[in-house]
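These notes concern the structure reproduced below.
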Protein chains: 2
Amino acid sequence: MIMEMGAIGAHSGTGVWRTVYSPEWVEANDLYARWLEDAGLTVSRDAVGNVWGKLEGTAGGASIVSGSHIDTQCPGGRYDGTLGALSALIALRVLKAQFGQPKRTLEAVSLCEEEGSRFPTANFWGSRAITGAIQQGDADNTLGFDGTSIAQAMRDVGLDPSIVASAQRHDIESFVELHIEQGPILEHADLPVAVVSAITGLRHYRVKLTGEQNHAGAFPMDLRRDPMAGFLEIGSGVINTAHRLGRPAVTTIGRAEVFPNGAAVVPREVHFTIDVRHPDPKQGEELYKLHEKLMREVASRRGLEIEWEIGIDKVPCLSDPSLVATFRDAAADQGVPTLTMASGAGHDTQQMAKIAKTVMIFVRSEKGRSHTPEEFSTVDDIVAGIKVLAAGLHKLAY
Amino acid sequence: MIMEMGAIGAHSGTGVWRTVYSPEWVEANDLYARWLEDAGLTVSRDAVGNVWGKLEGTAGGASIVSGSHIDTQCPGGRYDGTLGALSALIALRVLKAQFGQPKRTLEAVSLCEEEGSRFPTANFWGSRAITGAIQQGDADNTLGFDGTSIAQAMRDVGLDPSIVASAQRHDIESFVELHIEQGPILEHADLPVAVVSAITGLRHYRVKLTGEQNHAGAFPMDLRRDPMAGFLEIGSGVINTAHRLGRPAVTTIGRAEVFPNGAAVVPREVHFTIDVRHPDPKQGEELYKLHEKLMREVASRRGLEIEWEIGIDKVPCLSDPSLVATFRDAAADQGVPTLTMASGAGHDTQQMAKIAKTVMIFVRSEKGRSHTPEEFSTVDDIVAGIKVLAAGLHKLAY
């Protein structure tokens with residue numbers, strides 16, 4: 001099924017290029033819907049194009065849902081997102097075949113959009129529609145890299161952007177998302193599967209350091225107000241702070257720009273970003289404070305002006321402790337050794353956590369690769385992940 | 001004279017934009033030639049357009065020459081270069097008026113090009129022509145920012161690029177260049193004038209650090225091979241090394257580029273430059289070794305690949321000790337307090353040192369500014385500099 005789905009939008013050998021509302025996306029969702037039907041599930045599609053397969057429970061009530069997104073990066077691989085949608089389908093098919101009708105209603109879902117790879121501000125479009133987080137007019141104002149609005153893209157595939165609000169659900173009790181890890185932690189721990197205890201909190205700082213532009217030869221070191229020296233010291237410092245704090249703290253300097261950027265010129269300005277992540281709310285705040293204190297101290301000592309803006313600023317999303325326990329027990333029952341870890345990347349689960357109890361299951365990624373055609377997980381690890389998912393859903397629904 | 005010369009190519013208020021072989025350059029050299037004539041000097045122009053004013057000595061023999069370049073940055077200020085050409089002219093005018101014909105021949109010169117501001121690889125065009133460092137064909141291969149060759153630009157102002165070699169001189173014994181300091185050392189020492197003991201040695205490293213691109217959230221700090229972390233550590237380290245070594249050592253990171261340069265991505269590559277300068281040959285070599293050792297150590301410890309190329313690589317240009325002594329004595333005679341210091345910037349004097357004994361005189365720059373319309377030296381400081389120049393030339397020639 002991974003190979004069949006990966007053939008739709010195949011790109012760069014083992015890659016997949018399948019952005020939301022593209023012809024490949026339509027074809028992939030049609031295949032997903034057919035597989036849901038083949039599994040004996042009741043298929044429906046909502047206003048944004050999420051595809052649902054329902055296995056009605058005898059007791060009725062709110063649903064237990066599993067799934068992930070069907071769209072990819074440009075190109076991404078065969079596993080990121082898709083594996084979670086397929087795993088939910090397989091788990092429900094197997095549960096129905098083996099145990100029949102559950103007490104609680106189970107649903108599998110292919111979420112329409114998570115990556116923002118066609119519309120850069122559309123991330124979590126599918127899950128945001130489900131939680132009611134998309135406002136009237138958002139579809140017209142969400143523009144793609146080519147200038148097309150997501151509203152127009154929806155109309156082009158037969159969806160009506162004026163009824164996006166109808167996708168909202170009020171009857172989901174739990175959401176379980178299986179996903180590739182996208183990092184090397186399971187590989188280094190030599191384990192196939194993790195139960196995710198939290199999705200990391202995240203803050204982006206956009207920092208501007210201003211000093212005095214001078215001649216690289218004629219200005220002595222002790223008289224310089226060099227924003228590059230300040231950047232180098234701040235950057236080294238924040239990276240060392242996160243490293244010393246240890247896992248799961250991470251701090252990344254991914255972006256830097258130097259003005260005027262000449263080899264023989266002490267720069268006037270350095271702009272850079274700091275990406276800071278921690279899944280524990282208190283420790284995350286502490287990390288932010290340490291970084292800000294260092295920035296102020298270095299700038300002041302070096303006679304530099306410093307300004308920063310905070311871009312993305314997300315609090316951690318904690319998994320439901322009882323769901324974590326349930327899926328850890330399920331793994332133990334199945335003889336699948338697991339790790340309990342935090343996710344350093346964002347997922348649809350963060351959105352779903354606004355309306356439901358949530359938990360995630362991670363499957364080992366080779367070399368921690370993702371968002372690339374090279375991303376890979378073995379069938380053995382995937383099967384282990386699906387066993388944990390299915391066994392956990394069984395505990396919840398039967 | 002500074003104001004009248006600065007009006008030719010006036011730009012941005014107090015700035016001057018006067019590139020080699022431009023209409024402004026022609027006008028400035030014509031004015032310089034007229035002033036030489038007014039001073040009673042014998043005027044000539046050589047094949048590249050250097051303008052010479054000669055005060056023949058009774059003893060004949062090799063000349064004692066003073067001058068500097070007449071071209072500017074885009075825009076530069078009124079002082080960089082021009083002040084040295086004017087000071088030579090004024091010194092010779094005053095010496096002739098006050099002391100008549102010297103024993104040794106004295107010459108003032110306006111050098112045609114030093115900045116490389118129109119033809120980026122043409123630096124020192126005027127002084128290189130005098131030392132015979134320009135090869136047949138160089139003029140055709142030296143292209144301007146607009147694609148024009150310097151050969152064509154020469155023809156456009158009536159010069160013949162095929163006879164550049166004729167500008168070579170074999171009869172210059174000493175070359176003395178007065179120039180603004182371009183740094184803040186005299187200002188901080190509260191002194192008007194310096195005698196320059198050496199022009200710094202200089203090396204440019206172009207460094208490429210390669211690591212592994214990864215997700216900023218999903219990859220733990222301890223498993224990263226992060227070229228940004230390596231750059232930050234190396235950059236901080238080399239700057240600290242030069243700072244601790246103290247004046248006149250300087251190390252500058254002026255240029256950095258990050259790939260792919262995304263806020264949430266551990267970079268794959270960081271490219272950067274290191275500009276390292278020291279006027280003492282042995283201490284300069286030691287500084288290079290310290291920097292290279294640190295680069296190798298950090299790259300190895302962090303699991304990064306490192307490559308570097310050496311771009312500019314110039315050994316220090318030591319002033320002639322007897323000329324340094326002569327001009328220090330001259331300053332003392334004139335009651336001008338001086339500092340003896342190295343130049344951290346390059347000058348035509350470096351070229352002239354290939355064929356003559358050399359020394360430089362620096363005049364205090366306000367806030368150490370240069371290559372900008374804001375560069376400024378007071379008339380008092382300039383007069384002090386010209387006194388030192390004239391008194392030194394008097395010692396040498398009369």
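Letters A, B, ... go to the chains of the structure tokens in the order shown; residues in each chain start at 1; ligands are counted from 1 in the same order.
Proximity to chain A at a cut-off of 6 Å picks out B:Gln182, B:Gly183, B:Gly217, B:Ala218, B:Phe219, B:Met221, B:Leu232, B:Glu233, B:Ser236, B:His243, B:Gly254, B:Arg255, B:Asn261, B:Gly262, B:Ala263, B:Val265, B:Val266, B:Pro267, B:Thr273, B:Gly344, B:Ala345 on chain B, counting only C-alpha atoms.
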Inset, instruction - Return the single residue from A:Ala62, A:Val20, A:Ala7, A:Leu339 that is closest to Ile172 (chain A), with distances computed using only C-alpha atoms. - result: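 Of all the options, A:Ala62 lies closest to Ile172 (chain A).
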Inset, instruction - Determine, counting only C-alpha atoms, which protein, DNA and RNA residues have an atom within 6 Å of an atom of region 105-115 of chain B; residues of the same chain fewer than 3 positions away are not included. Present the result as a ChimeraX atom specification. - result: /B:20,49-57,63-71,85,88-89,123-126
Atoms kept (N, CA and C atoms) for selection, written as a PDB file, in the first residue's frame:
```pdb
ATOM      1  N   VAL B  20      38.766  56.159 -11.522  1.00  0.00           N
ATOM      2  CA  VAL B  20      39.835  56.345 -12.506  1.00  0.00           C
ATOM      3  C   VAL B  20      39.266  56.461 -13.930  1.00  0.00           C
ATOM      4  N   GLY B  49      48.578  57.811 -16.760  1.00  0.00           N
ATOM      5  CA  GLY B  49      47.894  59.020 -16.317  1.00  0.00           C
ATOM      6  C   GLY B  49      48.300  59.498 -14.939  1.00  0.00           C
ATOM      7  N   ASN B  50      49.349  58.928 -14.356  1.00  0.00           N
ATOM      8  CA  ASN B  50      49.907  59.524 -13.145  1.00  0.00           C
ATOM      9  C   ASN B  50      50.439  60.905 -13.522  1.00  0.00           C
ATOM     10  N   VAL B  51      50.220  61.899 -12.649  1.00  0.00           N
ATOM     11  CA  VAL B  51      50.668  63.266 -12.928  1.00  0.00           C
ATOM     12  C   VAL B  51      51.828  63.596 -12.000  1.00  0.00           C
ATOM     13  N   TRP B  52      52.944  64.006 -12.590  1.00  0.00           N
ATOM     14  CA  TRP B  52      54.174  64.240 -11.842  1.00  0.00           C
ATOM     15  C   TRP B  52      54.552  65.719 -11.871  1.00  0.00           C
ATOM     16  N   GLY B  53      55.094  66.212 -10.744  1.00  0.00           N
ATOM     17  CA  GLY B  53      55.634  67.565 -10.700  1.00  0.00           C
ATOM     18  C   GLY B  53      57.041  67.497 -10.132  1.00  0.00           C
ATOM     19  N   LYS B  54      58.019  67.940 -10.918  1.00  0.00           N
ATOM     20  CA  LYS B  54      59.415  67.716 -10.525  1.00  0.00           C
ATOM     21  C   LYS B  54      60.104  69.020 -10.114  1.00  0.00           C
ATOM     22  N   LEU B  55      60.884  68.927  -9.030  1.00  0.00           N
ATOM     23  CA  LEU B  55      61.749  70.028  -8.599  1.00  0.00           C
ATOM     24  C   LEU B  55      63.177  69.469  -8.675  1.00  0.00           C
ATOM     25  N   GLU B  56      63.838  69.805  -9.794  1.00  0.00           N
ATOM     26  CA  GLU B  56      65.142  69.205 -10.100  1.00  0.00           C
ATOM     27  C   GLU B  56      66.167  69.558  -9.016  1.00  0.00           C
ATOM     28  N   GLY B  57      66.992  68.560  -8.637  1.00  0.00           N
ATOM     29  CA  GLY B  57      68.045  68.816  -7.661  1.00  0.00           C
ATOM     30  C   GLY B  57      69.371  69.127  -8.350  1.00  0.00           C
ATOM     31  N   SER B  63      65.249  60.108  -7.595  1.00  0.00           N
ATOM     32  CA  SER B  63      64.342  61.084  -6.981  1.00  0.00           C
ATOM     33  C   SER B  63      63.838  60.644  -5.613  1.00  0.00           C
ATOM     34  N   ILE B  64      63.451  61.656  -4.856  1.00  0.00           N
ATOM     35  CA  ILE B  64      62.683  61.444  -3.632  1.00  0.00           C
ATOM     36  C   ILE B  64      61.271  61.891  -3.969  1.00  0.00           C
ATOM     37  N   VAL B  65      60.342  60.938  -3.900  1.00  0.00           N
ATOM     38  CA  VAL B  65      58.980  61.187  -4.411  1.00  0.00           C
ATOM     39  C   VAL B  65      57.977  61.148  -3.263  1.00  0.00           C
ATOM     40  N   SER B  66      56.984  62.015  -3.332  1.00  0.00           N
ATOM     41  CA  SER B  66      55.866  61.947  -2.398  1.00  0.00           C
ATOM     42  C   SER B  66      54.561  62.106  -3.161  1.00  0.00           C
ATOM     43  N   GLY B  67      53.536  61.453  -2.675  1.00  0.00           N
ATOM     44  CA  GLY B  67      52.228  61.574  -3.311  1.00  0.00           C
ATOM     45  C   GLY B  67      51.295  60.469  -2.867  1.00  0.00           C
ATOM     46  N   SER B  68      50.096  60.480  -3.447  1.00  0.00           N
ATOM     47  CA  SER B  68      49.118  59.427  -3.178  1.00  0.00           C
ATOM     48  C   SER B  68      48.098  59.448  -4.314  1.00  0.00           C
ATOM     49  N   HIS B  69      47.044  58.696  -4.170  1.00  0.00           N
ATOM     50  CA  HIS B  69      46.109  58.509  -5.295  1.00  0.00           C
ATOM     51  C   HIS B  69      44.995  59.551  -5.302  1.00  0.00           C
ATOM     52  N   ILE B  70      44.500  59.828  -6.501  1.00  0.00           N
ATOM     53  CA  ILE B  70      43.493  60.869  -6.713  1.00  0.00           C
ATOM     54  C   ILE B  70      42.098  60.271  -6.898  1.00  0.00           C
ATOM     55  N   ASP B  71      42.003  58.943  -7.063  1.00  0.00           N
ATOM     56  CA  ASP B  71      40.678  58.326  -7.251  1.00  0.00           C
ATOM     57  C   ASP B  71      40.039  58.048  -5.893  1.00  0.00           C
ATOM     58  N   ALA B  85      48.302  63.493  -2.221  1.00  0.00           N
ATOM     59  CA  ALA B  85      48.749  64.140  -3.460  1.00  0.00           C
ATOM     60  C   ALA B  85      48.898  65.646  -3.236  1.00  0.00           C
ATOM     61  N   ALA B  88      51.960  66.566  -0.909  1.00  0.00           N
ATOM     62  CA  ALA B  88      53.250  66.518  -1.613  1.00  0.00           C
ATOM     63  C   ALA B  88      53.456  67.810  -2.407  1.00  0.00           C
ATOM     64  N   LEU B  89      52.401  68.215  -3.099  1.00  0.00           N
ATOM     65  CA  LEU B  89      52.443  69.442  -3.890  1.00  0.00           C
ATOM     66  C   LEU B  89      52.753  70.656  -3.001  1.00  0.00           C
ATOM     67  N   ASN B 123      43.284  47.512  -8.506  1.00  0.00           N
ATOM     68  CA  ASN B 123      43.922  48.204  -7.372  1.00  0.00           C
ATOM     69  C   ASN B 123      45.393  48.479  -7.627  1.00  0.00           C
ATOM     70  N   PHE B 124      45.809  49.695  -7.229  1.00  0.00           N
ATOM     71  CA  PHE B 124      47.216  50.096  -7.338  1.00  0.00           C
ATOM     72  C   PHE B 124      47.672  50.196  -8.795  1.00  0.00           C
ATOM     73  N   TRP B 125      46.761  50.472  -9.692  1.00  0.00           N
ATOM     74  CA  TRP B 125      47.083  50.546 -11.128  1.00  0.00           C
ATOM     75  C   TRP B 125      48.212  51.557 -11.375  1.00  0.00           C
ATOM     76  N   GLY B 126      48.094  52.699 -10.723  1.00  0.00           N
ATOM     77  CA  GLY B 126      49.099  53.741 -10.919  1.00  0.00           C
ATOM     78  C   GLY B 126      50.460  53.337 -10.388  1.00  0.00           C
TER      79      GLY B 126
END
```
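Put simply, CA of Arg364 (chain B) is 18.6 Å away from CA of Ala391 (chain B).
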Legend entry - Pick from B:Thr142, B:Asn29, B:Gln168, B:Thr210 nearest to Lys354 (chain B), counting only C-alpha atoms: B:Gln168
